[in-house]
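One structure below.
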Amino acid sequence: MSEAARPQPAEDDAAPPARVLRAARAARLVAAELARRVWLYVWPSAAGRRNRAYLRERLVALPLLAVVAFGTLGWAYSGVRDDSAYVRDRLAPALVGLANAKASLFIAQGEAEENLAEGRAAELSGLSERYRTRVARATQSLNQVTRSGALTVAEEQELRVVSALVVDYTGWIGRAQSHVADPVLRDAELTYARSMLCSTPVAAADRQDRYPPCSPTVGSAATSIVDRVAGLERQLRERLADRAAWSGPVLVAAVVCGIALVLLAAGLWRTVLFLRRRFRIRLSVPLAVAALPLLAVPLLTTDALLARHAQKEAVPVADALATRTSPRTETIAEERPFDGPDPQAIEVLKARIDDGLSSGRLAFLDGAAPFVFPAGLVSAALVGGVLHAYRREYLVVARPGAVS
């Protein structure tokens with residue numbers, strides 16, 4: 001057998017894994033050494049160090065920590081505050097408006113069927129005031145949802161389609177009213193109007209119900225008003241759940257911010273002690289002023305946690321708005337305004353969302369988010385300036401008792 005035809009040694013097969021392991025060990029050693037050097041630079045020991053070298057390292061590390069800490073804090077806090085404002089001012093009103101529109105249209109359908117069943121009386125007197133009020137309220141609610149700013153361009157287009165369908169729906173109700181003397185034609189037009197409102201046919205067992213069940217469909221068959229409104233509600237609820245959840249970038253920013261704040265606070269304290277021991281400065285007023293923004297960190301953290309908790313609590317209430325409200329509940333609330341409020345009434349659920357989101361923050365911190373990062377920059381500049389002044393003064397004339 002020739003040398004070329006002989007099988008290669010087994011060591012060649014094991015060579016690639018061995019090279020990978022050696023490369024991994026080398027990378028780990030390099031990373032550990034780099035981390036050690038960074039740690040010594042950020043957290044140097046004053047023992048046996050010259051004043052000049054220690055101040056130079058503090059002059060770089062402390063301002064950098066301030067920028068990183070308040071930069072990540074400002075970004076994360078602004079994100080949480082923006083999410084809270086978006087949910088409170090846009091998403092919640094849009095969900096309430098869609099629930100109101102859907103309930104009003106079902107009530108109008110029930111009123112129309114009841115009025116037209118009276119025959120000639122409906123032809124002479126017309127449909128009831130409640131029908132006209134509910135149709136107007138549904139149209140107004142849809143317009144309010146459009147103006148809420150919670151919808152994307154595609155969703156706004158979908159809502160315009162819903163508004164156009166509502167106009168067609170009321171037109172078919174009007175045709176049924178004009179043919180009230182012909183029961184066959186009247187019932188056919190009422191049936192078609194309901195099919196525009198709800199794609200699910202009325203079951204035989206529910207035909208005597210004033211508000212028969214209407215389950216929305218999805219996919220290509222979702223063409224009715226309720227189907228489209230339910231689709232918009234589903235998208236807004238998913239958006240609310242996404243806003244209420246802690247995202248990966250925010251968690252990473254919180255971890256980086258926490259580490260940087262701890263190092264900054266401890267570094268400032270160690271620097272004050274160093275100046276007191278080596279430079280006989282009992283208290284550096286500029287460094288104390290630079291540390292003042294740290295006092296706001298617990299308040300900002302509490303405010304962010306309250307806002308996130310309020311958003312999380314709003315998720316099940318939004319689900320109830322979309323799935324548990326009913327025209328029967330709204331009719332009872334309208335007819336009996338002095339009875340105890342039904343927990344599933346739209347106004348009650350709206351009040352729960354509004355109260356939860358309004359109380360889920362520290363009101364005196366409204367408008368503070370844009371100033372978090374600038375405050376960190378001012379603190380960093382102040383720390384850098386005062387340490388540079390101390391170092392320059394030391395290089396010119398050493399203070400009494402200072403160790404070079």
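Chain lettering (A, B, ...) mirrors the order of the structure tokens, residue numbering begins at 1 for each chain separately, and ligand numbering begins at 1 in order of display.
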
Contacts of Arg234 in chain A at 12 Å (only C-alpha atoms; same-chain gap of 3+ positions) as a list in words: Leu91, Ala94, Leu95, Leu98, Ala99, Glu155, Pro216, Val218, Val226, Asp227, Arg228, Val229, Ala230, Gly231, Arg237, Glu238, Arg239, Leu240, Ala241, Val315, Ala318, Asp319, Ala320, Leu321, Ala322 and Thr323 of chain A

Residues near range 101-118 of chain A, cut-off 7 Å, only C-alpha atoms, skip fewer than 5 positions along chain, as a ChimeraX atom specification: /A:127,131,134-135,137-138,141-142,177,180,210-211,226,326-327

Please save N, CA and C atoms of the selected residues as a short mmCIF file (atom, residue, chain, number, x, y, z; two decimals), in the first residue's frame.
```
data_model
loop_
_atom_site.label_atom_id
_atom_site.label_comp_id
_atom_site.auth_asym_id
_atom_site.auth_seq_id
_atom_site.Cartn_x
_atom_site.Cartn_y
_atom_site.Cartn_z
N LEU A 127 -87.75 54.92 14.03
CA LEU A 127 -87.02 54.14 15.03
C LEU A 127 -86.84 54.95 16.30
N TYR A 131 -82.01 54.06 19.40
CA TYR A 131 -81.34 53.60 18.19
C TYR A 131 -80.49 54.71 17.60
N ARG A 134 -77.48 55.52 19.82
CA ARG A 134 -76.43 54.51 19.82
C ARG A 134 -75.67 54.49 18.50
N VAL A 135 -76.33 54.71 17.40
CA VAL A 135 -75.62 54.78 16.12
C VAL A 135 -74.67 55.98 16.12
N ARG A 137 -73.37 57.38 18.76
CA ARG A 137 -72.29 57.11 19.70
C ARG A 137 -71.26 56.17 19.11
N ALA A 138 -71.71 55.19 18.35
CA ALA A 138 -70.76 54.28 17.70
C ALA A 138 -69.89 55.02 16.71
N SER A 141 -67.43 57.16 18.64
CA SER A 141 -66.37 56.35 19.26
C SER A 141 -65.33 55.93 18.24
N LEU A 142 -65.76 55.55 17.04
CA LEU A 142 -64.81 55.19 16.00
C LEU A 142 -63.95 56.38 15.60
N GLN A 177 -86.77 49.76 7.42
CA GLN A 177 -87.83 50.63 7.94
C GLN A 177 -88.80 51.05 6.84
N VAL A 180 -91.33 48.25 6.11
CA VAL A 180 -91.83 47.64 7.33
C VAL A 180 -93.18 46.94 7.11
N ARG A 210 -82.73 39.17 22.64
CA ARG A 210 -82.61 40.50 22.04
C ARG A 210 -81.19 40.76 21.56
N TYR A 211 -80.22 40.21 22.27
CA TYR A 211 -78.81 40.36 21.88
C TYR A 211 -78.20 38.98 21.74
N VAL A 226 -67.94 43.49 13.46
CA VAL A 226 -67.44 42.94 14.72
C VAL A 226 -66.12 42.21 14.50
N SER A 326 -70.82 43.57 27.40
CA SER A 326 -71.96 43.07 26.62
C SER A 326 -72.99 44.18 26.46
N PRO A 327 -73.76 44.14 25.38
CA PRO A 327 -74.82 45.15 25.20
C PRO A 327 -75.87 45.07 26.30
#
```

Taking only C-alpha atoms into account, name the residue in A:Leu294, A:Ile281, A:Val96, A:Ala307 that is nearest to Val348 in chain A. A:Val96

DSSP on the backbone: what in range 85-281 of chain A comes out helix (DSSP H, G or I), as a CSV table (one decimal) with C-alpha atoms, in the first residue's frame?
```
chain,number,residue,atom,x,y,z
A,85,ALA,CA,-47.9,57.8,28.7
A,86,TYR,CA,-48.6,55.9,25.5
A,87,VAL,CA,-50.8,53.3,27.3
A,88,ARG,CA,-52.6,56.0,29.3
A,89,ASP,CA,-53.2,58.6,26.6
A,90,ARG,CA,-53.5,56.4,23.5
A,91,LEU,CA,-54.0,52.7,23.9
A,92,ALA,CA,-56.5,52.8,26.8
A,93,PRO,CA,-58.8,55.4,25.1
A,94,ALA,CA,-58.6,53.4,21.8
A,95,LEU,CA,-59.7,50.2,23.5
A,96,VAL,CA,-62.5,51.9,25.4
A,97,GLY,CA,-63.7,53.5,22.1
A,98,LEU,CA,-63.7,50.2,20.3
A,99,ALA,CA,-65.7,48.5,23.1
A,100,ASN,CA,-68.2,51.4,23.1
A,101,ALA,CA,-68.6,51.2,19.4
A,102,LYS,CA,-69.2,47.5,19.4
A,103,ALA,CA,-71.7,47.6,22.3
A,104,SER,CA,-73.6,50.6,20.8
A,105,LEU,CA,-74.0,48.8,17.5
A,106,PHE,CA,-75.4,45.7,19.1
A,107,ILE,CA,-77.8,47.8,21.1
A,108,ALA,CA,-78.9,49.7,18.0
A,109,GLN,CA,-79.5,46.3,16.2
A,110,GLY,CA,-81.7,45.1,19.1
A,111,GLU,CA,-83.6,48.4,19.1
A,112,ALA,CA,-84.1,48.3,15.3
A,113,GLU,CA,-85.4,44.7,15.4
A,114,GLU,CA,-87.8,45.5,18.3
A,115,ASN,CA,-89.1,48.7,16.7
A,116,LEU,CA,-89.6,47.2,13.2
A,120,ARG,CA,-97.0,50.2,10.9
A,121,ALA,CA,-96.2,52.0,14.2
A,122,ALA,CA,-92.5,52.0,13.3
A,123,GLU,CA,-93.3,53.3,9.8
A,124,LEU,CA,-95.2,56.3,11.3
A,125,SER,CA,-93.1,57.1,14.3
A,129,GLU,CA,-84.3,57.6,20.2
A,130,ARG,CA,-82.1,55.0,21.7
A,131,TYR,CA,-81.3,53.6,18.2
A,132,ARG,CA,-80.3,57.0,16.8
A,133,THR,CA,-78.3,57.8,19.9
A,134,ARG,CA,-76.4,54.5,19.8
A,135,VAL,CA,-75.6,54.8,16.1
A,136,ALA,CA,-74.3,58.3,16.7
A,137,ARG,CA,-72.3,57.1,19.7
A,138,ALA,CA,-70.8,54.3,17.7
A,139,THR,CA,-69.7,56.7,14.9
A,140,GLN,CA,-68.3,59.1,17.5
A,141,SER,CA,-66.4,56.3,19.3
A,142,LEU,CA,-64.8,55.2,16.0
A,143,ASN,CA,-63.8,58.8,15.2
A,144,GLN,CA,-62.2,59.1,18.7
A,145,VAL,CA,-60.2,55.9,18.1
A,146,THR,CA,-58.9,57.3,14.8
A,147,ARG,CA,-57.8,60.5,16.6
A,153,VAL,CA,-51.4,53.4,9.2
A,154,ALA,CA,-52.8,49.9,8.3
A,155,GLU,CA,-55.0,49.9,11.3
A,156,GLU,CA,-56.3,53.4,10.6
A,157,GLN,CA,-57.2,52.1,7.1
A,158,GLU,CA,-59.0,49.2,8.6
A,159,LEU,CA,-60.9,51.5,10.9
A,160,ARG,CA,-62.0,53.6,7.9
A,161,VAL,CA,-63.4,50.4,6.4
A,162,VAL,CA,-65.3,49.8,9.6
A,163,SER,CA,-66.7,53.3,9.5
A,164,ALA,CA,-67.8,52.8,5.9
A,165,LEU,CA,-69.5,49.5,6.9
A,166,VAL,CA,-71.4,51.3,9.7
A,167,VAL,CA,-72.8,53.8,7.2
A,168,ASP,CA,-73.9,50.9,4.9
A,169,TYR,CA,-75.3,49.1,7.9
A,170,THR,CA,-77.5,52.0,8.9
A,171,GLY,CA,-78.6,52.3,5.2
A,172,TRP,CA,-79.9,48.7,5.3
A,173,ILE,CA,-81.7,49.4,8.6
A,174,GLY,CA,-83.3,52.4,6.8
A,175,ARG,CA,-84.4,50.2,3.9
A,176,ALA,CA,-85.9,47.7,6.4
A,177,GLN,CA,-87.8,50.6,7.9
A,178,SER,CA,-89.1,51.7,4.6
A,183,PRO,CA,-92.5,41.3,6.6
A,184,VAL,CA,-90.6,39.2,4.2
A,185,LEU,CA,-88.6,42.0,2.6
A,186,ARG,CA,-88.2,43.7,6.0
A,187,ASP,CA,-86.8,40.6,7.7
A,188,ALA,CA,-84.5,39.9,4.7
A,189,GLU,CA,-83.0,43.4,5.0
A,190,LEU,CA,-82.7,43.1,8.8
A,191,THR,CA,-80.9,39.8,8.3
A,192,TYR,CA,-78.5,41.3,5.8
A,193,ALA,CA,-77.8,44.3,8.1
A,194,ARG,CA,-77.0,41.9,11.0
A,195,SER,CA,-74.7,39.9,8.6
A,196,MET,CA,-72.8,43.1,8.1
A,197,LEU,CA,-72.6,43.5,11.8
A,204,ALA,CA,-82.2,28.8,16.4
A,205,ALA,CA,-81.9,28.7,20.2
A,206,ASP,CA,-80.9,32.3,20.4
A,219,GLY,CA,-58.8,35.0,8.6
A,220,SER,CA,-60.3,35.6,5.2
A,221,ALA,CA,-63.8,35.1,6.6
A,225,ILE,CA,-67.9,45.0,11.5
A,226,VAL,CA,-67.4,42.9,14.7
A,227,ASP,CA,-64.7,40.8,13.1
A,228,ARG,CA,-62.7,43.9,12.1
A,229,VAL,CA,-63.2,45.6,15.5
A,230,ALA,CA,-62.2,42.4,17.3
A,231,GLY,CA,-59.1,42.2,15.2
A,232,LEU,CA,-58.1,45.8,16.1
A,233,GLU,CA,-58.8,45.1,19.8
A,234,ARG,CA,-56.6,42.0,19.6
A,235,GLN,CA,-53.7,44.0,18.0
A,236,LEU,CA,-54.0,46.8,20.6
A,237,ARG,CA,-54.1,44.3,23.5
A,238,GLU,CA,-51.0,42.6,22.2
A,239,ARG,CA,-49.3,46.0,21.9
A,240,LEU,CA,-50.3,46.7,25.5
A,241,ALA,CA,-48.9,43.4,26.7
A,242,ASP,CA,-45.6,44.1,24.9
A,243,ARG,CA,-45.4,47.6,26.5
A,244,ALA,CA,-46.2,46.2,30.0
A,248,GLY,CA,-34.4,42.6,27.0
A,249,PRO,CA,-32.7,46.0,26.3
A,250,VAL,CA,-34.3,47.6,29.3
A,251,LEU,CA,-33.2,44.8,31.6
A,252,VAL,CA,-29.6,45.0,30.2
A,253,ALA,CA,-29.6,48.8,30.7
A,254,ALA,CA,-30.9,48.3,34.2
A,255,VAL,CA,-28.1,45.9,35.1
A,256,VAL,CA,-25.4,48.1,33.5
A,257,CYS,CA,-26.9,51.2,35.3
A,258,GLY,CA,-27.0,49.4,38.6
A,259,ILE,CA,-23.4,48.3,38.4
A,260,ALA,CA,-22.2,51.7,37.2
A,261,LEU,CA,-24.2,53.5,40.0
A,262,VAL,CA,-22.7,51.3,42.7
A,263,LEU,CA,-19.2,51.8,41.4
A,264,LEU,CA,-19.8,55.6,41.0
A,265,ALA,CA,-21.2,56.0,44.5
A,266,ALA,CA,-18.4,53.9,46.1
A,267,GLY,CA,-15.7,55.6,44.0
A,268,LEU,CA,-16.9,59.1,45.0
A,269,TRP,CA,-16.8,58.0,48.7
A,270,ARG,CA,-13.3,56.5,48.4
A,271,THR,CA,-12.1,59.7,46.6
A,272,VAL,CA,-13.5,61.9,49.4
A,273,LEU,CA,-11.7,59.7,51.9
A,274,PHE,CA,-8.5,59.8,49.9
A,275,LEU,CA,-8.6,63.6,49.7
A,276,ARG,CA,-9.2,63.8,53.4
A,277,ARG,CA,-6.4,61.5,54.3
A,278,ARG,CA,-3.8,62.6,51.8
```

Between CA of Ala288 in chain A and CA of Leu62 in chain A - distance in Å to one decimal: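 Interatomic distance, CA of Leu62 in chain A to CA of Ala288 in chain A: 13.4 Å.
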
Do a neighbour search on Phe373 in chain A at 9 Å with only C-alpha atoms, toss out local chain neighbours closer than 5 positions, and write the hits as an MDAnalysis selection string. chainID A and resid 67 69:75 378

Have a look at CA of Asp342 in chain A and CA of Pro201 in chain A and let me know their distance in Å, one decimal. 28.6 Å

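Remark: for Ala314 in chain A, the closest of the candidate residues A:Ala351, A:Leu64, A:Ala32, A:Leu357 is A:Leu357 (distances computed over only C-alpha atoms).
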
With only C-alpha atoms as the atoms that count, which of A:Ser148, A:Gly384, A:Thr200, A:Ala76 lies nearest to Pro212 in chain A?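 The answer is A:Thr200, which sits nearest to Pro212 in chain A.
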
Determine, counting only C-alpha atoms, which protein, DNA and RNA residues have an atom within 10 Å of an atom of Ser78 in chain A; residues of the same chain fewer than 6 positions away are not included. Present the result as a list in words. Thr72, Ser84, Ala304, Gly367, Ala368, Ala369, Pro370, Phe371 and Val372 of chain A

Find the distance between CA of Val289 in chain A and CA of Arg50 in chain A and write it in Å to one decimal.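 A separation of 26.0 Å between them.
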